[in-house]
>>> print(open('entry05.txt').read())   # compact mmCIF, C-alpha atoms and all ligand atoms
# COMPACT_ATOMS: atom_id res chain seq x y z
CA MET A 611 240.89 72.73 76.18
CA ALA A 612 238.03 75.15 76.68
CA LEU A 613 234.47 74.17 77.40
CA VAL A 614 232.49 74.70 74.19
CA ILE A 615 229.38 76.75 74.92
CA ASP A 616 226.51 75.19 72.98
CA GLY A 617 224.42 78.07 71.65
CA LYS A 618 222.17 75.75 69.68
CA GLN A 619 221.14 73.90 72.81
CA ALA A 620 220.64 77.07 74.85
CA ALA A 621 218.60 78.54 71.99
CA ALA A 622 216.46 75.40 71.81
CA SER A 623 215.52 75.70 75.46
CA VAL A 624 214.60 79.40 75.04
CA VAL A 625 212.52 78.48 71.98
CA ALA A 626 210.76 75.71 73.92
CA ALA A 627 209.85 78.16 76.71
CA VAL A 628 208.67 80.73 74.14
CA THR A 629 206.51 78.14 72.37
CA GLU A 630 204.90 77.13 75.65
CA ALA A 631 204.24 80.76 76.66
CA ALA A 632 202.78 81.54 73.23
CA GLY A 633 200.47 78.51 73.43
CA LYS A 634 199.27 79.54 76.90
CA LEU A 635 198.64 83.14 75.83
CA GLU A 636 196.57 81.99 72.88
CA ALA A 637 194.61 79.52 74.99
CA GLU A 638 193.93 82.02 77.79
CA VAL A 639 193.20 85.26 75.95
CA GLY A 640 193.07 84.27 72.28
CA VAL A 641 196.15 86.31 71.37
CA LYS A 642 198.62 84.77 68.92
CA PRO A 643 201.98 86.60 68.96
CA GLY A 644 202.58 88.33 65.63
CA LEU A 645 206.04 89.11 64.22
CA ALA A 646 206.61 91.23 61.12
CA VAL A 647 210.04 91.10 59.53
CA VAL A 648 210.83 93.77 56.94
CA ILE A 649 213.67 93.36 54.48
CA VAL A 650 214.64 95.81 51.74
CA GLY A 651 216.74 94.81 48.73
CA ASN A 652 218.39 91.62 47.51
CA ASP A 653 221.33 90.87 49.81
CA PRO A 654 221.39 87.03 49.87
CA ALA A 655 222.87 86.75 53.40
CA SER A 656 220.19 89.08 54.81
CA HIS A 657 217.49 87.06 53.06
CA ALA A 658 218.87 83.86 54.58
CA TYR A 659 218.74 85.35 58.12
CA VAL A 660 215.27 86.75 57.60
CA ASN A 661 213.99 83.42 56.29
CA SER A 662 215.31 81.59 59.33
CA LYS A 663 213.68 84.18 61.62
CA SER A 664 210.32 83.77 59.87
CA LYS A 665 210.61 79.98 59.98
CA MET A 666 211.41 80.00 63.70
CA ALA A 667 208.47 82.33 64.38
CA LYS A 668 206.10 79.83 62.74
CA GLN A 669 207.70 77.02 64.74
CA CYS A 670 206.93 78.96 67.94
CA GLY A 671 203.27 79.16 66.94
CA PHE A 672 203.42 82.84 66.00
CA ASN A 673 201.68 84.68 63.25
CA SER A 674 204.74 85.37 61.09
CA ILE A 675 204.66 87.96 58.33
CA GLN A 676 207.53 88.83 56.03
CA HIS A 677 207.61 92.02 53.94
CA SER A 678 210.23 91.84 51.17
CA LEU A 679 210.54 95.28 49.61
CA PRO A 680 212.42 96.00 46.38
CA GLU A 681 215.86 97.63 46.39
CA GLU A 682 214.39 100.90 45.03
CA THR A 683 211.96 101.35 47.97
CA THR A 684 211.86 104.98 49.17
CA GLN A 685 212.26 106.25 52.72
CA GLU A 686 208.57 107.31 52.68
CA GLU A 687 207.36 103.89 51.52
CA LEU A 688 209.38 102.10 54.20
CA GLU A 689 208.19 104.43 56.97
CA LYS A 690 204.59 104.09 55.71
CA LEU A 691 204.84 100.30 56.03
CA VAL A 692 206.21 100.65 59.58
CA ALA A 693 203.30 103.00 60.43
CA GLU A 694 200.82 100.39 59.19
CA LEU A 695 202.50 97.67 61.24
CA ASN A 696 202.49 99.96 64.30
CA ALA A 697 198.73 100.36 63.90
CA ASP A 698 198.03 96.64 63.31
CA PRO A 699 196.84 95.03 66.58
CA ALA A 700 197.77 91.55 65.26
CA ILE A 701 201.44 92.55 65.08
CA HIS A 702 203.39 92.64 68.37
CA GLY A 703 206.93 92.72 67.02
CA ILE A 704 208.49 94.62 64.11
CA LEU A 705 212.03 93.97 62.89
CA VAL A 706 213.62 95.92 60.05
CA GLN A 707 216.63 93.95 58.88
CA LEU A 708 219.87 95.96 58.77
CA PRO A 709 221.84 97.15 56.92
CA LEU A 710 219.40 98.96 54.63
CA PRO A 711 220.37 99.83 51.03
CA LYS A 712 222.62 102.90 50.93
CA HIS A 713 219.98 105.40 49.77
CA LEU A 714 217.89 104.73 52.91
CA ASN A 715 218.50 106.22 56.36
CA ALA A 716 218.02 103.60 59.10
CA GLU A 717 217.78 105.97 62.06
CA PRO A 718 214.39 107.60 61.31
CA VAL A 719 213.00 104.18 60.36
CA ILE A 720 214.03 102.72 63.73
CA LEU A 721 212.61 105.76 65.55
CA SER A 722 209.32 105.32 63.67
CA ILE A 723 208.79 101.83 65.17
CA SER A 724 206.57 101.84 68.30
CA PRO A 725 208.93 101.13 71.21
CA GLU A 726 206.45 98.48 72.45
CA LYS A 727 206.90 96.61 69.13
CA ASP A 728 210.65 97.22 68.73
CA VAL A 729 211.75 93.60 69.23
CA ASP A 730 215.28 94.51 68.05
CA GLY A 731 215.61 96.87 71.04
CA LEU A 732 217.07 99.62 68.83
CA HIS A 733 214.61 102.44 69.50
CA VAL A 734 216.09 105.18 71.66
CA VAL A 735 213.45 104.45 74.34
CA ASN A 736 214.58 100.83 74.64
CA ALA A 737 218.28 101.69 74.32
CA GLY A 738 217.78 104.37 76.98
CA LYS A 739 216.08 101.96 79.39
CA ILE A 740 219.12 99.65 79.36
CA ALA A 741 221.42 102.65 79.73
CA THR A 742 219.53 103.81 82.82
CA GLY A 743 219.36 100.34 84.38
CA ASP A 744 215.73 99.47 83.60
CA LEU A 745 216.07 95.92 82.30
CA SER A 746 212.48 94.90 82.87
CA THR A 747 209.97 97.22 81.17
CA GLY A 748 211.49 97.63 77.69
CA LEU A 749 212.83 95.29 75.02
CA ILE A 750 216.51 94.33 74.99
CA SER A 751 218.44 93.95 71.75
CA CYS A 752 218.39 90.24 70.82
CA THR A 753 222.08 89.50 70.22
CA PRO A 754 223.37 91.05 73.48
CA ALA A 755 220.46 89.50 75.40
CA GLY A 756 221.38 86.09 73.95
CA ALA A 757 225.10 86.58 74.54
CA MET A 758 224.36 87.50 78.19
CA LEU A 759 222.40 84.26 78.70
CA LEU A 760 225.50 82.36 77.53
CA VAL A 761 227.78 84.39 79.84
CA LYS A 762 225.44 83.71 82.77
CA GLN A 763 225.48 79.97 81.99
CA ILE A 764 229.18 80.04 82.84
CA HIS A 765 229.42 82.73 85.55
CA GLY A 766 225.94 82.94 87.09
CA ASP A 767 223.90 86.15 87.35
CA ASP A 768 226.44 88.20 89.30
CA LEU A 769 229.66 89.15 87.52
CA SER A 770 231.10 91.07 90.50
CA GLY A 771 234.88 91.30 90.37
CA LEU A 772 235.15 90.13 86.77
CA ASN A 773 236.73 92.24 84.01
CA ALA A 774 234.74 92.22 80.78
CA VAL A 775 236.06 93.58 77.48
CA VAL A 776 233.72 94.14 74.53
CA ILE A 777 235.39 94.78 71.16
CA GLY A 778 232.96 96.82 69.03
CA ARG A 779 230.65 99.71 70.00
CA SER A 780 227.70 99.47 67.60
CA ASN A 781 224.16 100.34 68.68
CA LEU A 782 223.03 96.89 67.54
CA PHE A 783 225.49 95.00 69.72
CA GLY A 784 228.57 96.50 71.37
CA LYS A 785 226.96 99.32 73.33
CA PRO A 786 224.02 97.36 74.75
CA MET A 787 226.31 94.39 75.52
CA GLY A 788 228.62 96.65 77.53
CA LEU A 789 225.64 98.03 79.45
CA LEU A 790 224.22 94.57 80.21
CA LEU A 791 227.60 93.38 81.51
CA LEU A 792 227.78 96.53 83.64
CA ALA A 793 224.28 95.93 84.98
CA ALA A 794 225.47 92.45 86.04
CA ASN A 795 228.32 94.11 88.01
CA ALA A 796 231.21 93.34 85.66
CA THR A 797 233.96 95.94 85.28
CA VAL A 798 233.55 96.83 81.64
CA THR A 799 235.91 98.09 78.95
CA MET A 800 234.47 98.96 75.54
CA ALA A 801 237.18 98.67 72.87
CA HIS A 802 236.93 99.80 69.24
CA SER A 803 238.98 100.74 66.19
CA ARG A 804 240.77 103.58 68.02
CA THR A 805 241.79 101.47 71.02
CA LYS A 806 245.55 101.41 71.62
CA ASP A 807 247.19 98.00 72.11
CA LEU A 808 243.96 96.04 71.82
CA ALA A 809 245.73 92.73 72.50
CA ALA A 810 246.88 93.94 75.93
CA VAL A 811 243.42 95.30 76.76
CA CYS A 812 241.91 91.93 75.83
CA ARG A 813 244.42 89.96 77.91
CA ASN A 814 242.91 91.64 80.96
CA ALA A 815 239.46 90.19 80.25
CA ASP A 816 237.85 87.43 82.29
CA ILE A 817 235.00 87.75 79.78
CA LEU A 818 236.04 88.69 76.25
CA VAL A 819 233.33 89.54 73.73
CA ALA A 820 234.27 90.12 70.08
CA ALA A 821 231.85 91.89 67.71
CA VAL A 822 233.94 93.51 65.02
CA GLY A 823 233.25 91.77 61.73
CA ARG A 824 236.88 90.79 61.04
CA ALA A 825 237.50 87.11 60.48
CA GLN A 826 239.62 85.47 63.19
CA MET A 827 241.09 88.75 64.42
CA VAL A 828 241.33 87.71 68.08
CA LYS A 829 244.39 85.45 68.49
CA SER A 830 245.22 83.07 71.32
CA ASP A 831 247.73 85.48 72.88
CA TRP A 832 244.91 88.05 73.30
CA VAL A 833 243.07 85.62 75.56
CA LYS A 834 243.70 85.43 79.30
CA PRO A 835 244.10 81.77 80.34
CA GLY A 836 240.74 80.48 81.57
CA ALA A 837 238.72 83.42 80.17
CA THR A 838 235.24 83.10 78.74
CA VAL A 839 235.26 84.07 75.04
CA ILE A 840 232.02 85.09 73.33
CA ASP A 841 232.39 85.34 69.56
CA VAL A 842 229.67 87.42 67.92
CA GLY A 843 231.31 87.85 64.52
CA ILE A 844 229.77 86.29 61.45
CA ASN A 845 232.22 86.30 58.53
CA ARG A 846 231.98 84.27 55.36
CA VAL A 847 235.44 83.34 54.07
CA ASP A 848 236.74 81.27 51.17
CA ALA A 849 237.22 77.59 51.96
CA PRO A 850 239.21 76.08 49.09
CA ASP A 851 239.67 72.89 51.17
CA LYS A 852 235.90 72.29 50.83
CA GLY A 853 236.09 72.65 47.06
CA GLU A 854 236.40 75.40 44.51
CA GLY A 855 234.27 78.47 45.19
CA LYS A 856 233.12 77.09 48.58
CA THR A 857 232.92 79.29 51.67
CA ARG A 858 232.66 78.76 55.41
CA LEU A 859 231.41 80.81 58.32
CA VAL A 860 233.98 81.97 60.88
CA GLY A 861 233.81 84.32 63.84
CA ASP A 862 236.01 87.22 64.93
CA VAL A 863 238.07 84.82 67.06
CA ALA A 864 240.75 82.43 65.78
CA TYR A 865 238.74 79.60 67.32
CA ALA A 866 241.14 76.64 67.26
CA GLU A 867 244.04 78.46 68.94
CA ALA A 868 241.85 80.51 71.31
CA ALA A 869 240.12 77.32 72.51
CA GLU A 870 243.49 76.09 73.78
CA VAL A 871 243.77 79.05 76.17
CA ALA A 872 240.17 79.99 77.04
CA GLY A 873 238.14 78.42 79.84
CA ALA A 874 234.95 78.51 77.77
CA ILE A 875 234.27 79.61 74.22
CA THR A 876 231.36 79.98 71.80
CA PRO A 877 231.79 78.40 68.35
CA VAL A 878 230.74 79.98 65.04
CA PRO A 879 228.38 78.70 63.79
CA GLY A 880 226.39 77.29 66.70
CA GLY A 881 227.15 79.94 69.33
CA VAL A 882 225.66 83.42 69.55
CA GLY A 883 223.85 83.26 66.16
CA PRO A 884 221.13 80.79 67.20
CA MET A 885 220.66 82.75 70.47
CA THR A 886 219.90 85.93 68.50
CA ILE A 887 216.98 84.27 66.76
CA ALA A 888 215.75 82.66 70.00
CA MET A 889 215.79 86.03 71.82
CA LEU A 890 213.89 87.64 68.96
CA MET A 891 211.15 85.08 69.60
CA ALA A 892 211.39 85.78 73.34
CA ASN A 893 211.00 89.54 72.76
CA THR A 894 207.97 88.95 70.52
CA VAL A 895 206.19 86.78 73.09
CA ILE A 896 207.03 89.37 75.79
CA ALA A 897 205.57 92.17 73.63
CA ALA A 898 202.43 90.11 72.95
CA HIS A 899 201.91 89.49 76.69
CA ARG A 900 202.21 93.20 77.47
CA ALA A 901 199.78 94.09 74.64
CA ALA A 902 197.28 91.63 76.16
CA GLY A 903 197.76 93.07 79.67
CA LYS A 904 199.46 89.87 80.89
CA THR A 905 202.69 89.56 82.87
CA PRO A 906 205.36 88.42 80.39
CA PRO A 907 207.57 85.38 81.06
CA LYS A 908 211.25 85.93 81.94
CA PHE A 909 214.08 84.41 79.91
N1 LIG A 1001 225.69 86.43 65.75
C1 LIG A 1001 224.75 87.34 65.60
O1 LIG A 1001 223.60 87.09 65.88
C2 LIG A 1001 225.10 88.69 65.13
C3 LIG A 1001 226.33 88.88 64.57
N2 LIG A 1001 226.75 90.11 64.20
C4 LIG A 1001 228.10 90.20 63.67
O2 LIG A 1001 228.91 90.86 64.64
C5 LIG A 1001 229.89 91.64 63.98
C6 LIG A 1001 229.76 93.08 64.44
O3 LIG A 1001 228.51 93.57 64.10
P1 LIG A 1001 228.08 95.09 64.34
O4 LIG A 1001 228.29 95.45 65.74
O5 LIG A 1001 226.74 95.26 63.73
O6 LIG A 1001 229.20 95.79 63.38
P2 LIG A 1001 229.59 97.30 63.14
O7 LIG A 1001 230.33 97.27 61.84
O8 LIG A 1001 228.45 98.19 63.33
O9 LIG A 1001 230.63 97.58 64.32
C7 LIG A 1001 231.90 97.06 64.32
C8 LIG A 1001 232.69 97.60 65.50
O10 LIG A 1001 233.98 97.04 65.47
C9 LIG A 1001 234.96 98.07 65.63
N3 LIG A 1001 236.16 97.76 64.89
C10 LIG A 1001 236.34 97.72 63.56
N4 LIG A 1001 237.60 97.38 63.24
C11 LIG A 1001 238.24 97.21 64.41
C12 LIG A 1001 239.57 96.88 64.75
N5 LIG A 1001 240.50 96.64 63.83
N6 LIG A 1001 239.88 96.82 66.05
C13 LIG A 1001 238.97 97.06 66.99
N7 LIG A 1001 237.69 97.37 66.74
C14 LIG A 1001 237.33 97.45 65.45
C15 LIG A 1001 234.31 99.32 65.10
O11 LIG A 1001 234.92 100.43 65.75
P3 LIG A 1001 234.52 101.96 65.43
O12 LIG A 1001 233.24 102.18 66.17
O13 LIG A 1001 235.65 102.74 65.99
O14 LIG A 1001 234.37 102.06 63.95
C16 LIG A 1001 232.85 99.12 65.49
O15 LIG A 1001 232.57 99.63 66.77
C17 LIG A 1001 229.66 91.39 62.49
O16 LIG A 1001 230.49 90.32 62.07
C18 LIG A 1001 228.21 90.99 62.41
O17 LIG A 1001 227.93 90.19 61.28
C19 LIG A 1001 225.95 91.21 64.39
C20 LIG A 1001 224.71 91.08 64.93
C21 LIG A 1001 224.15 89.80 65.28
N1 LIG A 1002 217.75 94.55 62.53
C1 LIG A 1002 218.65 93.58 62.61
N2 LIG A 1002 218.66 92.77 63.70
C2 LIG A 1002 219.58 91.75 63.78
O1 LIG A 1002 219.61 91.02 64.79
C3 LIG A 1002 220.49 91.57 62.71
C4 LIG A 1002 220.42 92.44 61.62
N3 LIG A 1002 219.50 93.42 61.60
N4 LIG A 1002 221.29 92.32 60.59
C5 LIG A 1002 222.30 91.29 60.55
C6 LIG A 1002 222.66 90.74 61.91
C7 LIG A 1002 223.23 89.35 61.85
N5 LIG A 1002 222.30 88.52 62.60
C8 LIG A 1002 222.40 87.14 62.72
C9 LIG A 1002 221.37 86.35 63.20
C10 LIG A 1002 221.46 84.97 63.25
C11 LIG A 1002 222.61 84.33 62.83
C12 LIG A 1002 222.68 82.83 62.87
O2 LIG A 1002 221.70 82.15 63.11
N6 LIG A 1002 223.85 82.23 62.62
C13 LIG A 1002 224.04 80.82 62.61
C14 LIG A 1002 224.56 80.29 61.29
C15 LIG A 1002 223.80 80.71 60.08
C16 LIG A 1002 224.44 80.19 58.79
O3 LIG A 1002 224.86 79.03 58.76
O4 LIG A 1002 224.53 80.98 57.84
C17 LIG A 1002 225.09 80.45 63.64
O5 LIG A 1002 225.90 81.31 63.98
O6 LIG A 1002 225.10 79.30 64.07
C18 LIG A 1002 223.66 85.09 62.38
C19 LIG A 1002 223.56 86.48 62.34
C20 LIG A 1002 221.30 89.28 63.05
N7 LIG A 1002 221.43 90.56 62.70
>>> encode(input="entry05.txt", output="structure tokens")
Amino acid sequence: MALVIDGKQAAASVVAAVTEAAGKLEAEVGVKPGLAVVIVGNDPASHAYVNSKSKMAKQCGFNSIQHSLPEETTQEELEKLVAELNADPAIHGILVQLPLPKHLNAEPVILSISPEKDVDGLHVVNAGKIATGDLSTGLISCTPAGAMLLVKQIHGDDLSGLNAVVIGRSNLFGKPMGLLLLAANATVTMAHSRTKDLAAVCRNADILVAAVGRAQMVKSDWVKPGATVIDVGINRVDAPDKGEGKTRLVGDVAYAEAAEVAGAITPVPGGVGPMTIAMLMANTVIAAHRAAGKTPPKF
């Protein structure tokens, strides 16, 4: 049976380090890290994530501000709010929760965030820094940064000689994850909906990362014996065994069967999800240090 990678525990130690760094920064230069989370519309799952981000920010000793905008918010209104947050010296991190309602265009909103405050790492400046191998002066997208910490727990910092396969090529996760694995010397394959014989591609992976959004798509015979499996998917499915109308959270990996083949595996929940929130806190405390002219801590 695979080693179960405990994302909750890893996240707790990141959060402890963030809290300590935030306390020191405030004591030394009087700067309290400030995180603004912007959410548009009424999607209940998005509200749940945003609430847990805001709660965690408070727990870290941050100034945490949440802007909940109505569904009918216009592009101009949203970009005006981002401009105000860009100009606010008390705010060091800005996160606009995705996806946005259909009538809004996310790309110009993301580009309107100051790269120094882009704690999601989605601005082209931050995405470009990872692409060109600069992993130290920008901000790295939280979920891939968190997933990499879990990979490094198992394999160390140098992935030389290891084959990594990432399923999914989104800007939020798949692309930056592939680039971070590459920067750590893995041999990287980025798979997606047009990949031929995905199962065979996956069986070649020493490190298999799934970020598709399809419940339990990755079966045990896709997994190379002993591989490390990182499950990024968050899918809510019906769970009639828990009672009528009940649901449960599952990943993109068929966990029970994959755990019989893998060497190490992240569960859902309790794997990558908690790391995402922890790395958001890490990015915010890094941004606050830079704004105060201090050397940021490393995570
Ligand atoms: N745990 C966490 O903290 C986070 C979890 N997530 C979760 O991760 C998952 C992916 O998120 P995100 O990257 O934003 O999603 P996107 O929908 O943006 O991307 C999904 C990717 O999966 C690919 N894909 C779709 N169907 C298949 C298929 N049948 N075979 C192979 N590839 C396929 C798509 O390919 P193509 O490009 O060709 O369309 C696309 O690249 C979701 O479940 C999301 O909820 C996301 C962020 C954070
Ligand atoms: N701009 C933007 N940045 C994001 O980082 C972003 C986003 N938009 N939109 C949606 C996705 C999804 N996402 C998650 C974060 C935490 C958990 C998480 O904490 N999950 C817990 C379980 C939570 C539960 O029980 O519902 C776990 O996996 O253990 C999950 C998913 C961030 N995303």
>>> residues_around(input="entry05.txt", residues="Arg858 in chain A", least_positions_apart="5", cutoff="9 Å", atoms="all atoms listed in the file", output="mmCIF file with C-alpha atoms, in the frame of the given file")
data_model
loop_
_atom_site.group_PDB
_atom_site.id
_atom_site.type_symbol
_atom_site.label_atom_id
_atom_site.label_comp_id
_atom_site.auth_asym_id
_atom_site.auth_seq_id
_atom_site.Cartn_x
_atom_site.Cartn_y
_atom_site.Cartn_z
ATOM 1 C CA ASN A 845 232.220 86.300 58.530
ATOM 2 C CA ARG A 846 231.980 84.270 55.360
ATOM 3 C CA VAL A 847 235.440 83.340 54.070
ATOM 4 C CA ASP A 848 236.740 81.270 51.170
ATOM 5 C CA ALA A 849 237.220 77.590 51.960
ATOM 6 C CA LYS A 852 235.900 72.290 50.830
#
>>> residues_near_ligand(input="entry05.txt", ligand="ligand LIG 1002 (chain A)", cutoff="7 Å", atoms="all atoms listed in the file", output="list in words")
Ser656, Tyr659, Leu705, Val706, Gln707, Leu708, Pro709, Asp730, Cys752, Thr753, Ile844, Leu859, Val878, Pro879, Gly880, Gly881, Val882, Gly883, Pro884, Thr886 and Ile887 of chain A
>>> write_last_selection(input="entry05.txt", atoms="C-alpha atoms", output="PDB file, keeping the file's coordinate frame")
ATOM      1  CA  SER A 656     220.190  89.080  54.810  1.00  0.00           C
ATOM      2  CA  TYR A 659     218.740  85.350  58.120  1.00  0.00           C
ATOM      3  CA  LEU A 705     212.030  93.970  62.890  1.00  0.00           C
ATOM      4  CA  VAL A 706     213.620  95.920  60.050  1.00  0.00           C
ATOM      5  CA  GLN A 707     216.630  93.950  58.880  1.00  0.00           C
ATOM      6  CA  LEU A 708     219.870  95.960  58.770  1.00  0.00           C
ATOM      7  CA  PRO A 709     221.840  97.150  56.920  1.00  0.00           C
ATOM      8  CA  ASP A 730     215.280  94.510  68.050  1.00  0.00           C
ATOM      9  CA  CYS A 752     218.390  90.240  70.820  1.00  0.00           C
ATOM     10  CA  THR A 753     222.080  89.500  70.220  1.00  0.00           C
ATOM     11  CA  ILE A 844     229.770  86.290  61.450  1.00  0.00           C
ATOM     12  CA  LEU A 859     231.410  80.810  58.320  1.00  0.00           C
ATOM     13  CA  VAL A 878     230.740  79.980  65.040  1.00  0.00           C
ATOM     14  CA  PRO A 879     228.380  78.700  63.790  1.00  0.00           C
ATOM     15  CA  GLY A 880     226.390  77.290  66.700  1.00  0.00           C
ATOM     16  CA  GLY A 881     227.150  79.940  69.330  1.00  0.00           C
ATOM     17  CA  VAL A 882     225.660  83.420  69.550  1.00  0.00           C
ATOM     18  CA  GLY A 883     223.850  83.260  66.160  1.00  0.00           C
ATOM     19  CA  PRO A 884     221.130  80.790  67.200  1.00  0.00           C
ATOM     20  CA  THR A 886     219.900  85.930  68.500  1.00  0.00           C
ATOM     21  CA  ILE A 887     216.980  84.270  66.760  1.00  0.00           C
TER      22      ILE A 887
END
>>> closest_atom_pairs(input="entry05.txt", of="chain A", to="ligand LIG 1001 (chain A)", cutoff="10 Å", atoms="only C-alpha atoms and all ligand atoms", output="tab-separated table")
residue	atom	partner	partner_atom	distance
A:Ala655	CA	A:LIG1001	O17	10.0
A:Tyr659	CA	A:LIG1001	O1	9.3
A:Leu708	CA	A:LIG1001	O5	8.5
A:Pro709	CA	A:LIG1001	O5	8.6
A:Ser751	CA	A:LIG1001	C21	9.6
A:Cys752	CA	A:LIG1001	O1	7.8
A:Thr753	CA	A:LIG1001	O1	5.2
A:Pro754	CA	A:LIG1001	C21	8.3
A:Gly756	CA	A:LIG1001	O1	8.4
A:Ala757	CA	A:LIG1001	O1	8.8
A:Val776	CA	A:LIG1001	N7	9.3
A:Ile777	CA	A:LIG1001	N7	5.6
A:Gly778	CA	A:LIG1001	C8	3.6
A:Arg779	CA	A:LIG1001	O15	3.8
A:Ser780	CA	A:LIG1001	O4	4.5
A:Asn781	CA	A:LIG1001	O4	7.0
A:Leu782	CA	A:LIG1001	O5	5.6
A:Phe783	CA	A:LIG1001	O4	4.9
A:Gly784	CA	A:LIG1001	O4	5.7
A:Lys785	CA	A:LIG1001	O4	8.6
A:Met800	CA	A:LIG1001	O15	9.0
A:Ala801	CA	A:LIG1001	N7	6.3
A:His802	CA	A:LIG1001	N7	3.6
A:Ser803	CA	A:LIG1001	N7	3.7
A:Arg804	CA	A:LIG1001	O13	5.6
A:Thr805	CA	A:LIG1001	C13	6.6
A:Lys806	CA	A:LIG1001	C13	9.1
A:Asp807	CA	A:LIG1001	N6	9.6
A:Leu808	CA	A:LIG1001	C13	7.0
A:Ala809	CA	A:LIG1001	N6	9.6
A:Ala820	CA	A:LIG1001	C5	7.7
A:Ala821	CA	A:LIG1001	C6	4.1
A:Val822	CA	A:LIG1001	O10	3.6
A:Gly823	CA	A:LIG1001	O16	3.1
A:Arg824	CA	A:LIG1001	O16	6.5
A:Ala825	CA	A:LIG1001	O16	7.9
A:Met827	CA	A:LIG1001	N5	7.9
A:Val828	CA	A:LIG1001	N6	9.4
A:Ile840	CA	A:LIG1001	N1	10.0
A:Asp841	CA	A:LIG1001	N1	7.8
A:Val842	CA	A:LIG1001	N1	4.6
A:Gly843	CA	A:LIG1001	O16	3.6
A:Ile844	CA	A:LIG1001	O16	4.1
A:Asn845	CA	A:LIG1001	O16	5.6
A:Arg846	CA	A:LIG1001	O16	9.2
A:Val860	CA	A:LIG1001	O16	9.1
A:Gly861	CA	A:LIG1001	O16	7.1
A:Asp862	CA	A:LIG1001	O16	6.9
A:Val878	CA	A:LIG1001	N1	8.2
A:Pro879	CA	A:LIG1001	N1	8.4
A:Gly880	CA	A:LIG1001	N1	9.2
A:Gly881	CA	A:LIG1001	N1	7.6
A:Val882	CA	A:LIG1001	N1	4.8
A:Gly883	CA	A:LIG1001	N1	3.7
A:Pro884	CA	A:LIG1001	O1	6.9
A:Met885	CA	A:LIG1001	O1	7.0
A:Thr886	CA	A:LIG1001	O1	4.7
A:Ile887	CA	A:LIG1001	O1	7.2
A:Ala888	CA	A:LIG1001	O1	9.9
A:Met889	CA	A:LIG1001	O1	9.9
>>> closest_residue(input="entry05.txt", among="A:Pro711, A:Ala627, A:Lys856, A:Thr905", to="Asp653 in chain A", atoms="only C-alpha atoms")
A:Pro711
>>> atom_distance(input="entry05.txt", atom1="CA of Val775 in chain A", atom2="CA of Leu789 in chain A")
11.5 Å
>>> closest_residue(input="entry05.txt", among="A:Val895, A:Ala815, A:Ala626, A:His713", to="Gly771 in chain A", atoms="all atoms listed in the file")
A:Ala815
>>> atom_distance(input="entry05.txt", atom1="CA of Lys665 in chain A", atom2="CA of Leu679 in chain A")
18.5 Å
>>> atom_distance(input="entry05.txt", atom1="CA of Thr857 in chain A", atom2="CA of Thr838 in chain A")
27.4 Å
>>> axis_aligned_box(input="entry05.txt", around="range 899-902 of chain A", padding_each_side="3 Å", output="JSON")
{"center_x": 199.7, "center_y": 91.8, "center_z": 76.1, "size_x": 10.9, "size_y": 10.6, "size_z": 8.8}
>>> closest_residue(input="entry05.txt", among="A:Pro654, A:Gly731, A:Gly903, A:Gly644", to="Gln676 in chain A", atoms="all atoms listed in the file")
A:Gly644
>>> closest_residue(input="entry05.txt", among="A:Val729, A:Ala658, A:Val798, A:Ile817", to="Ala755 in chain A", atoms="only C-alpha atoms")
A:Val729
>>> closest_residue(input="entry05.txt", among="A:Pro835, A:Pro850, A:Pro680, A:Gly671", to="Ile875 in chain A", atoms="all atoms listed in the file")
A:Pro835
>>> closest_residue(input="entry05.txt", among="A:Leu792, A:Ile896, A:Val819, A:Val692", to="Asp767 in chain A", atoms="only C-alpha atoms")
A:Leu792
>>> residues_around(input="entry05.txt", residues="Gln685 in chain A", least_positions_apart="6", cutoff="8 Å", atoms="all atoms listed in the file", output="ChimeraX atom specification")
/A:714-715,719
>>> residues_near_point(input="entry05.txt", point="(246.5, 88.0, 80.6)", cutoff="12 Å", atoms="all atoms listed in the file", output="PyMOL selection string")
chain A and resi 773+809-818+830-837+871-872
>>> residues_near_point(input="entry05.txt", point="(205.1, 90.6, 61.3)", cutoff="12 Å", atoms="all atoms listed in the file", output="VMD selection string")
chain A and resid 642 to 649 660 663 to 664 667 to 668 672 to 678 691 to 692 694 to 706 727 to 729 891 894 898
